[in-house]
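As stored in start-v1.cif (mmCIF, C-alpha atoms):
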```cif
data_structure
loop_
_atom_site.group_PDB
_atom_site.id
_atom_site.type_symbol
_atom_site.label_atom_id
_atom_site.label_comp_id
_atom_site.auth_asym_id
_atom_site.auth_seq_id
_atom_site.Cartn_x
_atom_site.Cartn_y
_atom_site.Cartn_z
ATOM 1 C CA MET A 136 -0.166 132.252 138.188
ATOM 2 C CA ALA A 137 0.858 135.827 139.002
ATOM 3 C CA LYS A 138 3.523 134.597 141.434
ATOM 4 C CA PRO A 139 5.479 131.749 139.847
ATOM 5 C CA ASN A 140 6.704 129.107 142.273
ATOM 6 C CA SER A 141 8.170 126.486 139.915
ATOM 7 C CA ARG A 142 9.906 126.122 136.565
ATOM 8 C CA ASP A 143 6.651 125.426 134.725
ATOM 9 C CA THR A 144 4.741 128.339 136.245
ATOM 10 C CA LEU A 145 7.617 130.725 135.481
ATOM 11 C CA ILE A 146 7.691 129.619 131.837
ATOM 12 C CA ASP A 147 3.905 129.979 131.610
ATOM 13 C CA TYR A 148 4.150 133.462 133.136
ATOM 14 C CA ALA A 149 6.780 134.496 130.558
ATOM 15 C CA LYS A 150 4.689 133.176 127.661
ATOM 16 C CA ARG A 151 1.668 135.121 128.868
ATOM 17 C CA ARG A 152 3.804 138.254 129.108
ATOM 18 C CA LEU A 153 4.667 137.740 125.445
ATOM 19 C CA GLY A 154 1.031 137.415 124.387
ATOM 20 C CA GLU A 155 -0.049 133.813 124.771
ATOM 21 C CA PRO A 156 -2.777 132.592 124.319
ATOM 22 C CA VAL A 157 -3.770 135.561 122.109
ATOM 23 C CA LEU A 158 -0.556 135.054 120.130
ATOM 24 C CA GLU A 159 1.237 131.831 119.322
ATOM 25 C CA ILE A 160 4.744 131.843 120.819
ATOM 26 C CA ASN A 161 6.805 129.860 118.311
ATOM 27 C CA VAL A 162 9.332 128.407 120.758
ATOM 28 C CA ASP A 163 9.873 124.687 121.365
ATOM 29 C CA GLU A 164 9.517 123.243 124.880
ATOM 30 C CA GLU A 165 13.190 122.265 125.005
ATOM 31 C CA GLN A 166 14.152 125.788 123.960
ATOM 32 C CA LEU A 167 12.009 127.166 126.773
ATOM 33 C CA GLU A 168 13.767 124.916 129.291
ATOM 34 C CA ASP A 169 17.188 125.915 127.954
ATOM 35 C CA ARG A 170 16.418 129.641 128.220
ATOM 36 C CA LEU A 171 15.174 129.177 131.779
ATOM 37 C CA ASP A 172 18.365 127.296 132.709
ATOM 38 C CA GLU A 173 20.450 130.127 131.243
ATOM 39 C CA ALA A 174 18.459 132.729 133.181
ATOM 40 C CA ILE A 175 18.848 130.887 136.495
ATOM 41 C CA GLU A 176 22.556 130.365 135.846
ATOM 42 C CA TYR A 177 23.101 134.085 135.193
ATOM 43 C CA PHE A 178 20.972 134.957 138.218
ATOM 44 C CA GLN A 179 22.995 132.680 140.486
ATOM 45 C CA GLU A 180 26.292 133.970 139.167
ATOM 46 C CA TYR A 181 25.689 137.675 139.737
ATOM 47 C CA HIS A 182 22.624 138.385 141.896
ATOM 48 C CA SER A 183 23.380 139.040 145.574
ATOM 49 C CA ASP A 184 20.174 137.268 146.633
ATOM 50 C CA ALA A 185 21.153 134.079 144.808
ATOM 51 C CA THR A 186 23.873 133.139 147.308
ATOM 52 C CA LYS A 187 24.197 132.971 151.071
ATOM 53 C CA ILE A 188 27.152 132.938 153.458
ATOM 54 C CA VAL A 189 27.504 129.625 155.264
ATOM 55 C CA TYR A 190 30.071 128.078 157.599
ATOM 56 C CA LEU A 191 30.922 124.606 156.387
ATOM 57 C CA LYS A 192 32.233 122.192 159.020
ATOM 58 C CA HIS A 193 34.496 119.431 157.750
ATOM 59 C CA GLN A 194 36.342 116.724 159.656
ATOM 60 C CA VAL A 195 39.716 116.093 158.040
ATOM 61 C CA THR A 196 40.360 112.516 156.948
ATOM 62 C CA ALA A 197 43.551 110.652 156.115
ATOM 63 C CA ASP A 198 42.487 110.737 152.449
ATOM 64 C CA ASP A 199 42.256 114.535 152.585
ATOM 65 C CA ILE A 200 45.836 114.743 153.823
ATOM 66 C CA THR A 201 47.046 112.268 151.183
ATOM 67 C CA ASN A 202 45.207 114.121 148.400
ATOM 68 C CA GLY A 203 46.319 117.543 149.631
ATOM 69 C CA TYR A 204 42.863 119.106 149.401
ATOM 70 C CA ILE A 205 39.442 119.240 151.059
ATOM 71 C CA PRO A 206 36.407 118.199 148.943
ATOM 72 C CA ILE A 207 33.727 120.906 148.690
ATOM 73 C CA PRO A 208 30.125 120.256 147.490
ATOM 74 C CA SER A 209 29.253 121.499 143.996
ATOM 75 C CA ASP A 210 26.733 124.100 145.184
ATOM 76 C CA TYR A 211 29.495 126.150 146.838
ATOM 77 C CA ILE A 212 30.808 128.747 144.396
ATOM 78 C CA PHE A 213 33.228 130.868 146.442
ATOM 79 C CA VAL A 214 35.368 130.274 149.493
ATOM 80 C CA LYS A 215 36.045 133.461 151.401
ATOM 81 C CA ARG A 216 38.378 132.094 154.047
ATOM 82 C CA VAL A 217 39.223 129.221 156.351
ATOM 83 C CA LEU A 218 38.911 130.224 159.982
ATOM 84 C CA PRO A 219 42.177 130.176 161.974
ATOM 85 C CA ILE A 220 43.539 126.685 162.460
ATOM 86 C CA ASN A 221 45.108 125.846 165.810
ATOM 87 C CA SER A 222 48.102 123.552 165.691
ATOM 88 C CA GLY A 223 47.866 120.317 167.636
ATOM 89 C CA ASN A 224 50.819 121.540 169.740
ATOM 90 C CA SER A 225 49.153 124.791 170.838
ATOM 91 C CA SER A 226 47.881 125.236 174.384
ATOM 92 C CA THR A 227 44.147 125.479 174.750
ATOM 93 C CA GLY A 228 41.659 126.524 177.381
ATOM 94 C CA MET A 229 42.949 128.491 180.383
ATOM 95 C CA PHE A 230 46.568 127.742 179.426
ATOM 96 C CA SER A 231 46.323 129.371 176.001
ATOM 97 C CA LEU A 232 47.997 132.690 175.244
ATOM 98 C CA GLY A 233 44.705 134.268 174.196
ATOM 99 C CA TYR A 234 43.037 133.334 177.475
ATOM 100 C CA GLN A 235 45.880 134.715 179.584
ATOM 101 C CA LEU A 236 46.003 137.999 177.633
ATOM 102 C CA ARG A 237 42.261 138.546 178.015
ATOM 103 C CA LEU A 238 42.422 137.654 181.706
ATOM 104 C CA ASN A 239 45.103 140.291 182.177
ATOM 105 C CA ASP A 240 43.076 142.816 180.122
ATOM 106 C CA LEU A 241 40.035 142.356 182.352
ATOM 107 C CA ALA A 242 42.098 142.795 185.498
ATOM 108 C CA VAL A 243 43.721 145.988 184.207
ATOM 109 C CA MET A 244 40.382 147.326 182.987
ATOM 110 C CA GLY A 245 38.862 146.816 186.424
ATOM 111 C CA ARG A 246 41.711 148.551 188.262
ATOM 112 C CA PHE A 247 42.327 151.533 186.012
ATOM 113 C CA MET A 248 39.865 152.281 183.266
ATOM 114 C CA GLY A 249 36.501 151.298 184.618
ATOM 115 C CA ASP A 250 34.977 151.103 181.119
ATOM 116 C CA MET A 251 35.342 149.215 177.824
ATOM 117 C CA ALA A 252 37.597 151.724 176.028
ATOM 118 C CA TYR A 253 40.886 150.160 177.122
ATOM 119 C CA TYR A 254 39.613 146.633 176.541
ATOM 120 C CA THR A 255 38.476 147.520 173.001
ATOM 121 C CA MET A 256 41.839 149.072 172.118
ATOM 122 C CA MET A 257 43.734 146.058 173.475
ATOM 123 C CA GLN A 258 41.548 143.667 171.479
ATOM 124 C CA GLN A 259 42.344 145.595 168.306
ATOM 125 C CA HIS A 260 46.033 145.510 169.186
ATOM 126 C CA ILE A 261 45.969 141.759 169.838
ATOM 127 C CA SER A 262 44.102 141.182 166.549
ATOM 128 C CA MET A 263 46.748 143.161 164.680
ATOM 129 C CA ILE A 264 49.571 141.131 166.265
ATOM 130 C CA GLU A 265 47.742 137.879 165.494
ATOM 131 C CA SER A 266 47.237 138.952 161.886
ATOM 132 C CA LYS A 267 50.900 139.909 161.440
ATOM 133 C CA LEU A 268 52.396 136.847 163.130
ATOM 134 C CA ASN A 269 49.934 134.126 162.145
ATOM 135 C CA GLY A 270 47.273 135.397 159.767
ATOM 136 C CA LEU A 271 44.655 133.230 158.135
ATOM 137 C CA PRO A 272 45.483 129.976 156.311
ATOM 138 C CA GLN A 273 46.288 130.574 152.637
ATOM 139 C CA VAL A 274 43.718 128.759 150.503
ATOM 140 C CA ASN A 275 42.850 128.228 146.872
ATOM 141 C CA PHE A 276 39.380 127.042 145.838
ATOM 142 C CA SER A 277 38.834 125.298 142.494
ATOM 143 C CA GLN A 278 35.084 125.493 141.946
ATOM 144 C CA TYR A 279 34.762 123.108 139.001
ATOM 145 C CA GLU A 280 36.966 120.496 140.657
ATOM 146 C CA GLY A 281 35.228 120.938 144.005
ATOM 147 C CA ARG A 282 38.560 121.167 145.809
ATOM 148 C CA LEU A 283 39.875 123.459 148.547
ATOM 149 C CA TYR A 284 43.653 123.586 148.815
ATOM 150 C CA ILE A 285 45.057 124.766 152.170
ATOM 151 C CA HIS A 286 48.677 125.664 151.511
ATOM 152 C CA GLY A 287 51.296 124.523 154.006
ATOM 153 C CA GLU A 288 48.923 123.329 156.710
ATOM 154 C CA PHE A 289 49.070 119.643 155.812
ATOM 155 C CA GLU A 290 52.862 119.613 155.487
ATOM 156 C CA THR A 291 53.432 121.250 158.890
ATOM 157 C CA GLN A 292 50.745 119.073 160.486
ATOM 158 C CA ASP A 293 48.763 122.111 161.589
ATOM 159 C CA VAL A 294 45.888 120.134 160.069
ATOM 160 C CA ILE A 295 45.729 116.494 161.106
ATOM 161 C CA ALA A 296 43.292 113.640 160.560
ATOM 162 C CA GLY A 297 40.255 113.854 162.814
ATOM 163 C CA GLN A 298 40.491 117.632 163.232
ATOM 164 C CA TYR A 299 37.594 119.876 162.254
ATOM 165 C CA ILE A 300 38.026 122.939 160.064
ATOM 166 C CA ILE A 301 35.491 125.698 159.426
ATOM 167 C CA VAL A 302 35.193 127.170 155.938
ATOM 168 C CA GLU A 303 33.399 130.464 155.310
ATOM 169 C CA ALA A 304 31.880 130.152 151.854
ATOM 170 C CA PHE A 305 29.125 131.289 149.526
ATOM 171 C CA GLN A 306 26.480 128.670 148.730
ATOM 172 C CA LEU A 307 23.931 128.863 145.942
ATOM 173 C CA VAL A 308 20.298 129.259 146.936
ATOM 174 C CA ASP A 309 18.559 126.227 145.417
ATOM 175 C CA PRO A 310 15.353 127.247 143.560
ATOM 176 C CA VAL A 311 13.911 123.748 143.982
ATOM 177 C CA SER A 312 13.793 124.026 147.766
ATOM 178 C CA ASN A 313 13.425 127.831 147.814
ATOM 179 C CA THR A 314 10.640 128.355 145.278
ATOM 180 C CA SER A 315 10.339 132.098 145.969
ATOM 181 C CA VAL A 316 13.373 132.474 143.671
ATOM 182 C CA TYR A 317 11.076 131.922 140.690
ATOM 183 C CA ASN A 318 9.106 135.030 141.688
ATOM 184 C CA ASP A 319 12.123 137.356 141.679
ATOM 185 C CA LYS A 320 11.257 140.477 139.665
ATOM 186 C CA TRP A 321 14.526 140.593 137.741
ATOM 187 C CA LEU A 322 14.482 136.867 136.978
ATOM 188 C CA LYS A 323 10.915 137.025 135.603
ATOM 189 C CA LYS A 324 11.838 139.871 133.257
ATOM 190 C CA TYR A 325 15.059 138.155 132.174
ATOM 191 C CA VAL A 326 13.394 134.810 131.410
ATOM 192 C CA THR A 327 10.746 136.637 129.384
ATOM 193 C CA ALA A 328 13.400 138.544 127.428
ATOM 194 C CA LEU A 329 15.391 135.380 126.664
ATOM 195 C CA ILE A 330 12.287 133.544 125.440
ATOM 196 C CA LYS A 331 11.363 136.573 123.333
ATOM 197 C CA GLN A 332 14.875 136.539 121.885
ATOM 198 C CA GLN A 333 14.531 132.852 121.031
ATOM 199 C CA TRP A 334 11.151 133.549 119.441
ATOM 200 C CA GLY A 335 12.686 136.238 117.274
ATOM 201 C CA GLN A 336 15.549 133.938 116.244
ATOM 202 C CA ASN A 337 13.094 131.231 115.238
ATOM 203 C CA LEU A 338 10.943 133.605 113.183
ATOM 204 C CA SER A 339 13.970 135.254 111.543
ATOM 205 C CA LYS A 340 14.573 132.008 109.627
ATOM 206 C CA PHE A 341 11.423 132.827 107.689
ATOM 207 C CA GLU A 342 12.183 136.519 107.215
ATOM 208 C CA GLY A 343 10.155 138.036 104.367
ATOM 209 C CA MET A 344 7.850 135.020 103.957
ATOM 210 C CA GLN A 345 4.305 136.126 103.158
ATOM 211 C CA LEU A 346 1.416 134.481 104.991
ATOM 212 C CA PRO A 347 -2.198 134.187 103.787
ATOM 213 C CA GLY A 348 -3.849 137.590 103.954
ATOM 214 C CA GLY A 349 -0.683 139.442 102.954
ATOM 215 C CA VAL A 350 1.010 139.381 106.373
ATOM 216 C CA THR A 351 4.825 139.286 106.127
ATOM 217 C CA MET A 352 7.054 137.511 108.655
ATOM 218 C CA ASN A 353 9.426 139.935 110.375
ATOM 219 C CA GLY A 354 11.220 138.077 113.144
ATOM 220 C CA MET A 355 14.207 140.464 113.103
ATOM 221 C CA VAL A 356 12.125 143.185 114.761
ATOM 222 C CA ILE A 357 11.316 140.874 117.690
ATOM 223 C CA LEU A 358 14.924 139.646 117.845
ATOM 224 C CA GLU A 359 16.439 143.134 117.942
ATOM 225 C CA ALA A 360 13.981 144.364 120.585
ATOM 226 C CA ALA A 361 14.563 141.289 122.752
ATOM 227 C CA THR A 362 18.354 141.543 122.448
ATOM 228 C CA ALA A 363 18.220 145.144 123.647
ATOM 229 C CA GLU A 364 16.064 144.074 126.611
ATOM 230 C CA VAL A 365 18.473 141.261 127.517
ATOM 231 C CA LEU A 366 21.495 143.577 127.474
ATOM 232 C CA LYS A 367 19.678 146.200 129.558
ATOM 233 C CA LEU A 368 18.612 143.632 132.155
ATOM 234 C CA GLU A 369 22.145 142.214 132.392
ATOM 235 C CA GLU A 370 23.527 145.712 132.887
ATOM 236 C CA ASP A 371 20.928 146.440 135.580
ATOM 237 C CA LEU A 372 21.834 143.230 137.396
ATOM 238 C CA ARG A 373 25.568 144.004 137.407
ATOM 239 C CA MET A 374 25.044 147.627 138.450
ATOM 240 C CA GLU A 375 22.282 147.239 141.058
ATOM 241 C CA HIS A 376 22.285 143.698 142.445
ATOM 242 C CA GLU A 377 25.838 142.352 142.233
ATOM 243 C CA LEU A 378 28.021 142.319 145.341
ATOM 244 C CA PRO A 379 31.408 144.080 145.108
ATOM 245 C CA VAL A 380 34.073 141.825 143.653
ATOM 246 C CA ASP A 381 36.285 141.989 146.739
ATOM 247 C CA PHE A 382 33.601 140.215 148.773
ATOM 248 C CA PHE A 383 34.730 136.961 147.162
ATOM 249 C CA VAL A 384 38.165 135.482 147.754
ATOM 250 C CA GLY A 385 39.431 132.086 146.675
#
```

Can the structure from this file be put into C-alpha cells for me?
Amino acid sequence: MAKPNSRDTLIDYAKRRLGEPVLEINVDEEQLEDRLDEAIEYFQEYHSDATKIVYLKHQVTADDITNGYIPIPSDYIFVKRVLPINSGNSSTGMFSLGYQLRLNDLAVMGRFMGDMAYYTMMQQHISMIESKLNGLPQVNFSQYEGRLYIHGEFETQDVIAGQYIIVEAFQLVDPVSNTSVYNDKWLKKYVTALIKQQWGQNLSKFEGMQLPGGVTMNGMVILEAATAEVLKLEEDLRMEHELPVDFFVG
C-alpha cells in the first residue's frame, strides 16, 4: 500500500523500501514492532502535527482538594495554562467589575470616540491591570504522574468542590483513531531508517562470514548508512517541524 493507514501497512511499506521481496530483510517481527513504537514515540514528542491544543473541562471533587492536585489523562503531555479562576466570593454577571468597566467603556466610546480605537486601548489597559493584580493560576504539571498541581488555589478556597476549571493543554494525536498519521512523510522515512539500522545491527553479528558463492557478510556498511540517515532525519525534525520551546509551559 502506497499510503499506509495502520501499523502493519507502515511496516510493510518500510520493508519494501528496503528491498523486500527482492531482498530478505533479516529483522524479527518483534524488532519491527519495537522500531515502529520508537518512531511513533519520537514523532509524538517533537513533531508539531503530533499534538493538538485542547481545552480540558474538569469538575473539582472533594478528593481533588484533599489530594492537592487534578488528575490529567495520560495522553496529555503539556499543560500550557489554567484559565483564570474566579473566587466563589467574586461578583458575577452585571454586578462584576469587568461588566461595569466594559459598560462604562461602551458609553464613553459612543459619546466621544465614535470608533473602536478607544475601546481597544482600554481593553489592553484592563488586561494589563488584571495581569499585574491577579494573573493566571500558578500550575505545575507532572506528566508521568498524570497530576496537575494548582498552587495556592485550594488553600485559599478559590477552587472549591463542584467548581469547573478549564485547562489549556497539548494532547497527543492518537494514530489508532487518526490513521493518516501513518502516512506522514517524515514518519515513513524514519521508520524505514530505524528498521534498516536494526537490519545492519543483526547482520553485523556475522561480519566477515562467507556465504556460498563467495559472498561476504558486511552488515557494518548497512548499519553505518542507516545510522547516518537516522541522525539526519532527527535533525530535520527538530529544525523544521518542532514548535518553539516556549510554546509549552508546565

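Proximity ranking of A:His182, A:Lys215, A:Lys367, A:Lys320 relative to A:Ala137 places A:Lys320 first, based on only C-alpha atoms.
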
### Query
When distances are computed from only C-alpha atoms, which of A:Ser209, A:Thr362, A:Thr196, A:Ser183 shows the smallest separation from A:Tyr279?
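Among the listed residues, A:Ser209 lies closest to A:Tyr279.
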
### Message
Env of A:Arg151: 10 Å cut, atoms = all atoms listed in the file, seq-sep filter 5 positions within chain, self excluded. Answer as a ChimeraX atom specification.
### Response
/A:136,145-146,156-158,160,327

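Close to (35.8, 129.0, 148.1), meaning no more than 6 Å away when counting all atoms listed in the file, sit the residues Phe213, Val214, Lys215, Phe276, Ala304 and Gly385 of chain A.
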
Residues just named, written with C-alpha atoms as a JSON list (two decimals), keeping the file's coordinate frame:
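Written output follows (selection.json):
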```json
[["chain", "number", "residue", "atom", "x", "y", "z"],
["A", 213, "PHE", "CA", 33.23, 130.87, 146.44],
["A", 214, "VAL", "CA", 35.37, 130.27, 149.49],
["A", 215, "LYS", "CA", 36.04, 133.46, 151.40],
["A", 276, "PHE", "CA", 39.38, 127.04, 145.84],
["A", 304, "ALA", "CA", 31.88, 130.15, 151.85],
["A", 385, "GLY", "CA", 39.43, 132.09, 146.68]]
```

### Query
Which is closer to A:Glu369 than all the others in A:Leu167, A:Ala174, A:Met257, A:Ala197, using all atoms listed in the file?
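That would be A:Ala174, the residue with the smallest distance to A:Glu369.
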
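Distances from A:Asn337, A:Tyr325, A:Ala363, A:Leu153 to A:Asp172 were compared using all atoms listed in the file, and the smallest one belongs to A:Tyr325.
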
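Closest approach to A:Glu164 among A:Asp147, A:Gly281, A:Gln292, A:Gln273 is made by A:Asp147 (distances from only C-alpha atoms).
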
### Task
For A:Phe289, please output as JSON, numbers by chain all residues within 8 Å (counting all atoms listed in the file; exclusion window: fewer than 4 positions along the same chain).
{"A": [200, 203, 285, 293, 294, 295]}

If you count only C-alpha atoms, which residues fall within 8 Å of A:Gln336, apart from same-chain ones fewer than 4 positions away, as a compact mmCIF listing (two decimals) with C-alpha atoms, in the frame of the given file?
```txt
# COMPACT_ATOMS: atom_id res chain seq x y z
CA GLN A 332 14.88 136.54 121.88
CA LYS A 340 14.57 132.01 109.63
CA GLY A 354 11.22 138.08 113.14
CA MET A 355 14.21 140.46 113.10
CA LEU A 358 14.92 139.65 117.84
```

Go ahead and fit an axis-aligned box to every listed atom of stretch 199-204 of chain A plus 3 Å each side, and pass me the centre and edge lengths in Å, one decimal, as AutoDock Vina command-line options.
```
--center_x 44.7 --center_y 115.7 --center_z 151.1 --size_x 10.8 --size_y 12.8 --size_z 11.4
```

### Message
Here is a test: counting only C-alpha atoms, which residue of A:Val217, A:Ala328, A:Ile301, A:Met263 is nearest to A:Val365?
### Response
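Ranked by minimum distance to A:Val365, first place goes to A:Ala328.
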
### Query
Given the file above and the PyMOL selection byres ((chain A and resi 171) around 12), which residues are selected, and can you give them as a ChimeraX atom specification?
/A:141-150,164-170,172-178,310,317,322-331,333

### Query
Hey, what comes out of the PyMOL selection byres ((chain A and resi 208) around 12) on this file? Could you write it as a list in words?
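When the PyMOL selection byres ((chain A and resi 208) around 12) is applied, the selected residues are Leu191, Lys192, His193, Ile205, Pro206, Ile207, Ser209, Asp210, Tyr211, Ile212, Phe213, Val214, Phe276, Ser277, Gln278, Tyr279, Glu280, Gly281, Arg282, Leu283, Ala304, Phe305, Gln306 and Leu307 of chain A.
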
### Query
What does the distance from atom CA of A:Gln179 to atom CA of A:Val162 come to in Å, to one decimal?
24.4 Å

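The two atoms in question, atom CA of A:Tyr204 and atom CA of A:Thr186, are spaced 23.7 Å apart.
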
### Query
What do you get, as a PyMOL selection string, if you spell out every residue that the PyMOL selection byres ((chain A and resi 376) around 10) selects here?
chain A and resi 178+181-185+321+370-375+377-379

#### Entry: Between atom CA of A:Glu288 and atom CA of A:Asn275, distance in Å (one decimal)
12.6 Å
